[in-house]
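Quick notes on the structure that follows.
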Amino acid sequence: MDRLAVDEVVSGYAAAVDDGDWAAYRALFTPAGRADYGSAGGVEGPAAEVAEWLAETMRLFPVRQHLIVNRRILLEDRDGFPGDSARVLADFLNPMRLAGDGDRGTAPNFVAAGRYTFTLARTPDGWRLTGVTVHEKWRHMQA
């Protein structure tokens, strides 16, 4: 059940970023949770501050689809019993369309890919992110 719950947090993360639901993004984190988008040219800091940065930055990409795959969920093991922390290593492919063409679909596409490291803690409200680190491996702009 823990694996399913942790996986749901990771899926919720992707949906929140794609949908621009920054309240949902913040709710996925513990109060001290942090995010690091440094390898993708972004910021690192408390999740609430990073959410503000994302809200502004993602306006450049009104269409985005976050695919998070090959999820390796590593649950803390306390002598055969489940612990209260987890780590997820997962690859991502993130195609986005730049703003500027209305509904014509002619704006350039931008694709980034790499690997996430998610760290999570079990809380009274369920599993929450303590950290998200983006390890971008490549990006491509297509006209």
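Lettering and numbering for the structure tokens are positional, with chains as A, B, ... in the shown order, residues counted from 1 in each chain, and ligands counted from 1 in the shown order.
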
Open item on the list: List the spatial neighbours of Glu76 (chain A) as a VMD selection string - criterion: any atom at most 7 Å away, only C-alpha atoms, same-chain residues fewer than 4 positions off excluded.
Closed with: chain A and resid 82 to 86

TODO: Skip Asn94 (chain A) itself and residues of its chain fewer than 5 positions away, then list as number ranges by chain all residues within 10 Å of it, counting only C-alpha atoms.
DONE: A: 14, 18, 64-68, 110-114, 139

Those residues with C-alpha atoms, as a JSON list (two decimals), in the first residue's frame please?
```json
[["chain", "number", "residue", "atom", "x", "y", "z"],
["A", 14, "ALA", "CA", 3.19, 15.69, -12.61],
["A", 18, "ASP", "CA", 1.07, 20.28, -16.07],
["A", 64, "ARG", "CA", 2.78, 20.86, -21.25],
["A", 65, "GLN", "CA", 2.65, 17.15, -20.65],
["A", 66, "HIS", "CA", 4.82, 15.66, -17.95],
["A", 67, "LEU", "CA", 5.58, 11.97, -18.40],
["A", 68, "ILE", "CA", 7.28, 10.35, -15.39],
["A", 110, "PHE", "CA", 10.37, 22.34, -26.39],
["A", 111, "VAL", "CA", 11.27, 18.96, -24.93],
["A", 112, "ALA", "CA", 13.34, 18.29, -21.82],
["A", 113, "ALA", "CA", 14.25, 14.92, -20.33],
["A", 114, "GLY", "CA", 16.19, 13.50, -17.45],
["A", 139, "ARG", "CA", 16.65, 19.38, -24.07]]
```

Task: Residue nearest Thr133 (chain A) among A:Leu60, A:Ala35, A:Leu4, A:Ala15 (counting only C-alpha atoms) - done: A:Ala35

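Residue nearest Arg34 (chain A), chosen from A:Asp21, A:Ala107, A:Glu49, A:Glu8 and counting only C-alpha atoms: A:Glu49.
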
Open item on the list: Going by DSSP on the backbone, which residues of chain A come out as strand (DSSP E or B)? List them as a ChimeraX atom specification.
Closed with: /A:29-36,44-46,63-64,67-78,81-97,109-123,126-142

- [ ] Run DSSP on the backbone and grab whatever in region 49-117 of chain A lands in alpha helix (DSSP H); send it over as number ranges by chain.
- [x] A: 49-57

Task: Among the residues A:Val88, A:Met1, A:Ala121, A:Met96, the one that comes closest to Phe29 (chain A) [using only C-alpha atoms] - done: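 Closest to Phe29 (chain A) of all the choices is A:Ala121.
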